[in-house]
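Q: So I've got this file, query06.pdb, and it contains PDB, C-alpha atoms, pLDDT in the B column:
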ATOM      1  CA  MET A   1       0.000   0.000   0.000  1.00 67.00           C
ATOM      2  CA  LYS A   2       1.338   3.394  -0.956  1.00 81.00           C
ATOM      3  CA  GLN A   3       1.356   6.352   1.380  1.00 84.00           C
ATOM      4  CA  ALA A   4      -1.358   8.172  -0.597  1.00 85.00           C
ATOM      5  CA  ASP A   5      -3.649   5.118  -0.400  1.00 83.00           C
ATOM      6  CA  PHE A   6      -3.031   4.818   3.323  1.00 81.00           C
ATOM      7  CA  VAL A   7      -3.762   8.508   3.919  1.00 85.00           C
ATOM      8  CA  SER A   8      -6.985   8.361   1.908  1.00 86.00           C
ATOM      9  CA  LEU A   9      -8.070   5.304   3.901  1.00 85.00           C
ATOM     10  CA  VAL A  10      -7.217   6.666   7.351  1.00 85.00           C
ATOM     11  CA  MET A  11      -8.062  10.380   7.061  1.00 87.00           C
ATOM     12  CA  PRO A  12     -11.874   9.969   7.214  1.00 87.00           C
ATOM     13  CA  PHE A  13     -11.772   8.397  10.688  1.00 89.00           C
ATOM     14  CA  LYS A  14      -8.623   9.764  12.325  1.00 90.00           C
ATOM     15  CA  ASP A  15     -10.673  12.431  14.141  1.00 90.00           C
ATOM     16  CA  LYS A  16     -12.950   9.735  15.576  1.00 91.00           C
ATOM     17  CA  VAL A  17      -9.888   7.896  16.843  1.00 92.00           C
ATOM     18  CA  PHE A  18      -8.721  11.128  18.477  1.00 92.00           C
ATOM     19  CA  ARG A  19     -12.109  11.812  20.083  1.00 90.00           C
ATOM     20  CA  LEU A  20     -12.314   8.305  21.539  1.00 90.00           C
ATOM     21  CA  ALA A  21      -8.762   8.640  22.866  1.00 89.00           C
ATOM     22  CA  LYS A  22      -9.596  12.036  24.347  1.00 89.00           C
ATOM     23  CA  ARG A  23     -12.703  10.579  25.988  1.00 86.00           C
ATOM     24  CA  LEU A  24     -10.648   7.839  27.634  1.00 85.00           C
ATOM     25  CA  LEU A  25      -7.458   9.748  28.469  1.00 84.00           C
ATOM     26  CA  VAL A  26      -6.843  12.877  30.470  1.00 70.00           C
ATOM     27  CA  SER A  27      -5.652  15.468  28.026  1.00 79.00           C
ATOM     28  CA  ARG A  28      -5.401  16.580  24.458  1.00 86.00           C
ATOM     29  CA  GLU A  29      -1.690  15.717  24.463  1.00 88.00           C
ATOM     30  CA  GLU A  30      -2.348  12.167  25.687  1.00 87.00           C
ATOM     31  CA  ALA A  31      -5.061  11.747  23.056  1.00 89.00           C
ATOM     32  CA  GLU A  32      -2.768  13.083  20.323  1.00 92.00           C
ATOM     33  CA  ASP A  33      -0.046  10.646  21.393  1.00 91.00           C
ATOM     34  CA  ALA A  34      -2.513   7.764  21.369  1.00 91.00           C
ATOM     35  CA  THR A  35      -3.820   8.736  17.931  1.00 93.00           C
ATOM     36  CA  GLN A  36      -0.284   8.959  16.597  1.00 93.00           C
ATOM     37  CA  GLU A  37       0.551   5.529  18.041  1.00 92.00           C
ATOM     38  CA  ILE A  38      -2.539   3.958  16.452  1.00 92.00           C
ATOM     39  CA  LEU A  39      -1.805   5.507  13.058  1.00 90.00           C
ATOM     40  CA  LEU A  40       1.814   4.375  13.319  1.00 91.00           C
ATOM     41  CA  LYS A  41       0.727   0.815  14.131  1.00 91.00           C
ATOM     42  CA  LEU A  42      -1.671   0.869  11.184  1.00 88.00           C
ATOM     43  CA  TRP A  43       1.110   2.104   8.896  1.00 88.00           C
ATOM     44  CA  LYS A  44       3.524  -0.568  10.107  1.00 89.00           C
ATOM     45  CA  ASN A  45       0.916  -3.214   9.288  1.00 85.00           C
ATOM     46  CA  ASN A  46      -0.270  -1.602   6.064  1.00 81.00           C
ATOM     47  CA  LYS A  47       0.218  -4.824   4.118  1.00 83.00           C
ATOM     48  CA  LYS A  48      -2.415  -6.528   6.295  1.00 84.00           C
ATOM     49  CA  ILE A  49      -4.943  -3.672   6.203  1.00 82.00           C
ATOM     50  CA  GLY A  50      -6.651  -5.111   3.131  1.00 77.00           C
ATOM     51  CA  ASP A  51      -7.489  -8.256   5.129  1.00 83.00           C
ATOM     52  CA  TYR A  52      -9.801  -6.346   7.480  1.00 83.00           C
ATOM     53  CA  LYS A  53     -13.458  -5.911   6.568  1.00 85.00           C
ATOM     54  CA  ASN A  54     -13.759  -2.589   8.379  1.00 88.00           C
ATOM     55  CA  VAL A  55     -10.500  -0.736   9.009  1.00 87.00           C
ATOM     56  CA  GLU A  56     -12.296   2.004  10.914  1.00 88.00           C
ATOM     57  CA  ALA A  57     -13.810  -0.464  13.393  1.00 89.00           C
ATOM     58  CA  PHE A  58     -10.430  -2.180  13.726  1.00 89.00           C
ATOM     59  CA  SER A  59      -8.691   1.128  14.458  1.00 90.00           C
ATOM     60  CA  MET A  60     -11.347   2.092  17.027  1.00 91.00           C
ATOM     61  CA  THR A  61     -10.810  -1.254  18.759  1.00 91.00           C
ATOM     62  CA  MET A  62      -7.057  -0.645  18.696  1.00 92.00           C
ATOM     63  CA  THR A  63      -7.621   2.827  20.171  1.00 92.00           C
ATOM     64  CA  LYS A  64      -9.837   1.508  22.947  1.00 90.00           C
ATOM     65  CA  ASN A  65      -7.326  -1.193  23.851  1.00 91.00           C
ATOM     66  CA  PHE A  66      -4.348   1.170  23.665  1.00 91.00           C
ATOM     67  CA  CYS A  67      -6.056   3.755  25.885  1.00 88.00           C
ATOM     68  CA  LEU A  68      -7.151   1.182  28.442  1.00 86.00           C
ATOM     69  CA  ASP A  69      -3.604  -0.219  28.540  1.00 86.00           C
ATOM     70  CA  ARG A  70      -2.298   3.308  28.959  1.00 84.00           C
ATOM     71  CA  LEU A  71      -4.680   3.947  31.853  1.00 82.00           C
ATOM     72  CA  LYS A  72      -3.517   0.737  33.542  1.00 81.00           C
ATOM     73  CA  SER A  73       0.164   1.617  33.193  1.00 76.00           C
ATOM     74  CA  LYS A  74       2.099   3.119  36.089  1.00 53.00           C
ATOM     75  CA  GLN A  75       2.755   6.327  34.140  1.00 58.00           C
ATOM     76  CA  ALA A  76      -0.968   7.003  33.944  1.00 53.00           C
ATOM     77  CA  SER A  77      -1.793   6.988  37.645  1.00 54.00           C
ATOM     78  CA  ASN A  78      -3.167  10.523  37.444  1.00 53.00           C
ATOM     79  CA  LEU A  79      -5.241  10.247  34.249  1.00 52.00           C
ATOM     80  CA  LYS A  80      -8.973  10.908  34.244  1.00 49.00           C
ATOM     81  CA  ILE A  81     -11.688  11.603  31.703  1.00 44.00           C
ATOM     82  CA  VAL A  82     -12.271  15.110  30.390  1.00 43.00           C
ATOM     83  CA  HIS A  83     -14.787  16.135  27.740  1.00 41.00           C
ATOM     84  CA  SER A  84     -15.496  19.644  26.514  1.00 44.00           C
ATOM     85  CA  ASN A  85     -16.328  19.672  22.813  1.00 45.00           C
ATOM     86  CA  TYR A  86     -19.764  21.299  23.108  1.00 43.00           C
ATOM     87  CA  THR A  87     -20.320  24.910  22.057  1.00 49.00           C
ATOM     88  CA  ASP A  88     -23.446  26.751  20.957  1.00 44.00           C
ATOM     89  CA  ASN A  89     -22.966  30.355  19.804  1.00 51.00           C
ATOM     90  CA  ASN A  90     -26.597  31.220  19.028  1.00 55.00           C
ATOM     91  CA  THR A  91     -27.952  31.430  22.560  1.00 59.00           C
ATOM     92  CA  SER A  92     -27.949  33.940  25.360  1.00 73.00           C
ATOM     93  CA  LEU A  93     -25.132  34.022  27.855  1.00 77.00           C
ATOM     94  CA  GLN A  94     -27.331  32.454  30.521  1.00 78.00           C
ATOM     95  CA  HIS A  95     -28.221  29.527  28.250  1.00 75.00           C
ATOM     96  CA  GLN A  96     -24.560  29.114  27.316  1.00 80.00           C
ATOM     97  CA  VAL A  97     -23.583  28.945  30.984  1.00 82.00           C
ATOM     98  CA  GLU A  98     -26.380  26.465  31.708  1.00 78.00           C
ATOM     99  CA  ALA A  99     -25.454  24.306  28.715  1.00 79.00           C
ATOM    100  CA  LYS A 100     -21.787  24.286  29.694  1.00 84.00           C
ATOM    101  CA  ASP A 101     -22.742  23.435  33.256  1.00 83.00           C
ATOM    102  CA  SER A 102     -24.891  20.538  32.038  1.00 80.00           C
ATOM    103  CA  VAL A 103     -22.082  19.239  29.816  1.00 83.00           C
ATOM    104  CA  ASP A 104     -19.685  19.503  32.754  1.00 86.00           C
ATOM    105  CA  TRP A 105     -22.107  17.573  34.951  1.00 85.00           C
ATOM    106  CA  VAL A 106     -22.562  14.883  32.301  1.00 85.00           C
ATOM    107  CA  SER A 107     -18.783  14.589  32.047  1.00 85.00           C
ATOM    108  CA  LYS A 108     -18.475  14.228  35.809  1.00 88.00           C
ATOM    109  CA  ILE A 109     -21.251  11.646  35.844  1.00 89.00           C
ATOM    110  CA  MET A 110     -19.641   9.746  32.969  1.00 87.00           C
ATOM    111  CA  GLU A 111     -16.399   9.573  34.971  1.00 86.00           C
ATOM    112  CA  GLU A 112     -18.289   7.520  37.539  1.00 90.00           C
ATOM    113  CA  LEU A 113     -19.711   5.043  34.990  1.00 91.00           C
ATOM    114  CA  PRO A 114     -18.143   1.610  34.598  1.00 93.00           C
ATOM    115  CA  GLU A 115     -15.477   1.569  31.868  1.00 91.00           C
ATOM    116  CA  GLN A 116     -17.574  -0.486  29.453  1.00 92.00           C
ATOM    117  CA  GLN A 117     -20.593   1.814  29.735  1.00 93.00           C
ATOM    118  CA  LYS A 118     -18.340   4.848  29.297  1.00 92.00           C
ATOM    119  CA  ILE A 119     -16.958   3.452  26.032  1.00 91.00           C
ATOM    120  CA  ILE A 120     -20.398   2.446  24.742  1.00 93.00           C
ATOM    121  CA  VAL A 121     -21.859   5.913  25.434  1.00 91.00           C
ATOM    122  CA  GLN A 122     -18.865   7.506  23.691  1.00 89.00           C
ATOM    123  CA  LEU A 123     -19.165   5.288  20.617  1.00 90.00           C
ATOM    124  CA  ARG A 124     -22.962   5.419  20.299  1.00 91.00           C
ATOM    125  CA  ASP A 125     -23.970   8.901  21.446  1.00 87.00           C
ATOM    126  CA  ILE A 126     -20.902  10.940  20.561  1.00 83.00           C
ATOM    127  CA  GLU A 127     -19.316   9.064  17.645  1.00 87.00           C
ATOM    128  CA  GLU A 128     -22.746   7.871  16.407  1.00 87.00           C
ATOM    129  CA  TYR A 129     -21.751   4.311  15.543  1.00 91.00           C
ATOM    130  CA  ASP A 130     -24.435   1.678  14.865  1.00 91.00           C
ATOM    131  CA  TYR A 131     -25.041  -1.032  17.423  1.00 93.00           C
ATOM    132  CA  ASP A 132     -23.591  -3.740  15.198  1.00 91.00           C
ATOM    133  CA  ASP A 133     -20.381  -1.743  14.672  1.00 91.00           C
ATOM    134  CA  ILE A 134     -20.009  -1.216  18.417  1.00 92.00           C
ATOM    135  CA  ALA A 135     -20.664  -4.917  19.015  1.00 92.00           C
ATOM    136  CA  LYS A 136     -17.852  -5.801  16.608  1.00 91.00           C
ATOM    137  CA  MET A 137     -15.456  -3.265  18.112  1.00 90.00           C
ATOM    138  CA  LEU A 138     -16.047  -4.386  21.680  1.00 92.00           C
ATOM    139  CA  ASP A 139     -16.569  -8.060  20.835  1.00 92.00           C
ATOM    140  CA  MET A 140     -19.943  -8.063  22.581  1.00 93.00           C
ATOM    141  CA  ASN A 141     -23.489  -9.135  21.818  1.00 94.00           C
ATOM    142  CA  GLU A 142     -25.642  -6.362  20.316  1.00 93.00           C
ATOM    143  CA  THR A 143     -28.252  -6.906  23.045  1.00 94.00           C
ATOM    144  CA  ALA A 144     -25.587  -6.422  25.718  1.00 95.00           C
ATOM    145  CA  ILE A 145     -24.584  -3.150  24.017  1.00 94.00           C
ATOM    146  CA  ARG A 146     -28.187  -1.924  24.160  1.00 94.00           C
ATOM    147  CA  VAL A 147     -28.574  -2.950  27.799  1.00 95.00           C
ATOM    148  CA  ASN A 148     -25.319  -1.259  28.855  1.00 95.00           C
ATOM    149  CA  LEU A 149     -26.207   1.886  26.903  1.00 94.00           C
ATOM    150  CA  SER A 150     -29.670   1.976  28.456  1.00 94.00           C
ATOM    151  CA  ARG A 151     -28.236   1.592  31.956  1.00 95.00           C
ATOM    152  CA  ALA A 152     -25.603   4.260  31.339  1.00 94.00           C
ATOM    153  CA  ARG A 153     -28.166   6.713  29.962  1.00 93.00           C
ATOM    154  CA  LYS A 154     -30.498   6.005  32.888  1.00 94.00           C
ATOM    155  CA  THR A 155     -27.689   6.646  35.375  1.00 93.00           C
ATOM    156  CA  ILE A 156     -26.700   9.877  33.625  1.00 90.00           C
ATOM    157  CA  ARG A 157     -30.324  11.032  33.408  1.00 89.00           C
ATOM    158  CA  GLU A 158     -31.071  10.262  37.075  1.00 89.00           C
ATOM    159  CA  LYS A 159     -27.946  11.927  38.416  1.00 88.00           C
ATOM    160  CA  LEU A 160     -28.376  14.958  36.163  1.00 84.00           C
ATOM    161  CA  THR A 161     -32.039  15.279  37.184  1.00 84.00           C
ATOM    162  CA  ASN A 162     -31.100  15.018  40.865  1.00 83.00           C
ATOM    163  CA  THR A 163     -28.451  17.687  40.389  1.00 75.00           C
ATOM    164  CA  HIS A 164     -30.879  20.089  38.705  1.00 71.00           C
ATOM    165  CA  GLN A 165     -33.652  19.430  41.233  1.00 73.00           C
ATOM    166  CA  TYR A 166     -31.605  19.427  44.420  1.00 67.00           C
ATOM    167  CA  GLY A 167     -28.526  21.430  43.574  1.00 54.00           C
ATOM    168  CA  ILE A 168     -24.956  20.392  44.233  1.00 55.00           C
ATOM    169  CA  LYS A 169     -24.412  17.249  46.322  1.00 49.00           C
TER
END
Would you encode the structure as structure tokens?

A:
Amino acid sequence: MKQADFVSLVMPFKDKVFRLAKRLLVSREEAEDATQEILLKLWKNNKKIGDYKNVEAFSMTMTKNFCLDRLKSKQASNLKIVHSNYTDNNTSLQHQVEAKDSVDWVSKIMEELPEQQKIIVQLRDIEEYDYDDIAKMLDMNETAIRVNLSRARKTIREKLTNTHQYGIK
């Protein structure tokens, strides 16, 4: 595979790889490093890329595994999840503050979710993958994906509702 072919294959989903890495790791720098590592691994194995049915799903699985390994490593003892890619410029300042506060609360709530639910919410609700793609990436049953997503959404909804009704814990 030539470099131009590789670039045309990888470019459409490299941002998704970055966003998943950013969801799982602490910072933009960590996510950039993870994305670079995944792209480097793909390039090193470019002769085998044609064997995969869905290179994007394969790279997302690689990203998930790489990030989880990174979080387990000793170097990553201080990593946590951060998410702040929501902006809306067409609303009043008060609505902007409320929206940012809600996104911050959802991020905090997502930090408390089990790892598997966190990944499923990221892939389904943020990256907008289909259930069957997520099932392939995570090597899970599609029904289990739906159940985990439902539980994660319920947890997020309940905690967010409690926060808005009762204020800060």

Q: Considering all atoms listed in the file, can you say which of A:Ile49, A:Leu24, A:Met11, A:Val17 comes closest to A:Glu115?

A: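 Of all the options, A:Leu24 lies closest to A:Glu115.
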
Q: Written as a PyMOL selection string, which residues does the PyMOL selection byres ((chain A and resi 133-144) around 10) give for the file shown?

A: chain A and resi 54+56-62+64-65+116+119-120+123-124+128-132+145-150

Q: What does the structure give for the distance between atom CA of A:Asp104 and atom CA of A:Asp69, in Å to one decimal?

A: 25.8 Å

Q: Pick out the closest residue to A:Ala4 from this set: A:Thr35, A:Asn46, A:Ser27, A:Gln96. Count all atoms listed in the file.

A: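 Looking at the shortest contact to A:Ala4, the residue is A:Asn46.
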
Q: Given the file above and the PyMOL selection byres ((chain A and resi 5) around 12), which residues are selected, and can you give them as a list in words?

A: Met1, Lys2, Gln3, Ala4, Phe6, Val7, Ser8, Leu9, Val10, Met11, Trp43, Asn46, Lys47, Ile49 and Gly50 of chain A

Q: Could you write out that same residue set with C-alpha atoms as a tab-separated table (two decimals), in the frame of the given file?

A:
chain	number	residue	atom	x	y	z
A	1	MET	CA	0.00	0.00	0.00
A	2	LYS	CA	1.34	3.39	-0.96
A	3	GLN	CA	1.36	6.35	1.38
A	4	ALA	CA	-1.36	8.17	-0.60
A	6	PHE	CA	-3.03	4.82	3.32
A	7	VAL	CA	-3.76	8.51	3.92
A	8	SER	CA	-6.98	8.36	1.91
A	9	LEU	CA	-8.07	5.30	3.90
A	10	VAL	CA	-7.22	6.67	7.35
A	11	MET	CA	-8.06	10.38	7.06
A	43	TRP	CA	1.11	2.10	8.90
A	46	ASN	CA	-0.27	-1.60	6.06
A	47	LYS	CA	0.22	-4.82	4.12
A	49	ILE	CA	-4.94	-3.67	6.20
A	50	GLY	CA	-6.65	-5.11	3.13

Q: Report as a list in words all protein, DNA and RNA residues lying within 12 Å of A:Arg157, evaluated on all atoms listed in the file, omitting residues in the same chain fewer than 4 positions from it.

A: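 Near neighbours after the sequence-gap exclusion: Ser102, Trp105, Val106, Ile109, Met110, Leu149, Ser150, Arg151, Ala152, Arg153, Thr161, Asn162, Thr163, His164 and Gln165 of chain A.
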
Q: Nearest residue to A:Phe13 out of A:Glu127, A:Arg70, A:Ser92, A:Lys159, using all atoms listed in the file?

A: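 Nearest to A:Phe13: A:Glu127.
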
Q: Would you kindly translate the PyMOL selection byres ((chain A and resi 32) around 12) into the concrete residues it picks from this file, as a list in words?

A: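 This file gives the following for the PyMOL selection byres ((chain A and resi 32) around 12): Lys14, Asp15, Lys16, Val17, Phe18, Arg19, Leu20, Ala21, Lys22, Arg23, Leu24, Leu25, Val26, Ser27, Arg28, Glu29, Glu30, Ala31, Asp33, Ala34, Thr35, Gln36, Glu37, Ile38, Leu39, Thr63 and Cys67 of chain A.
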
Q: What is the distance, in Å and to one decimal place, between atom CA of A:Leu113 and atom CA of A:Lys100?

A: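 Between these atoms lies a distance of 20.1 Å.
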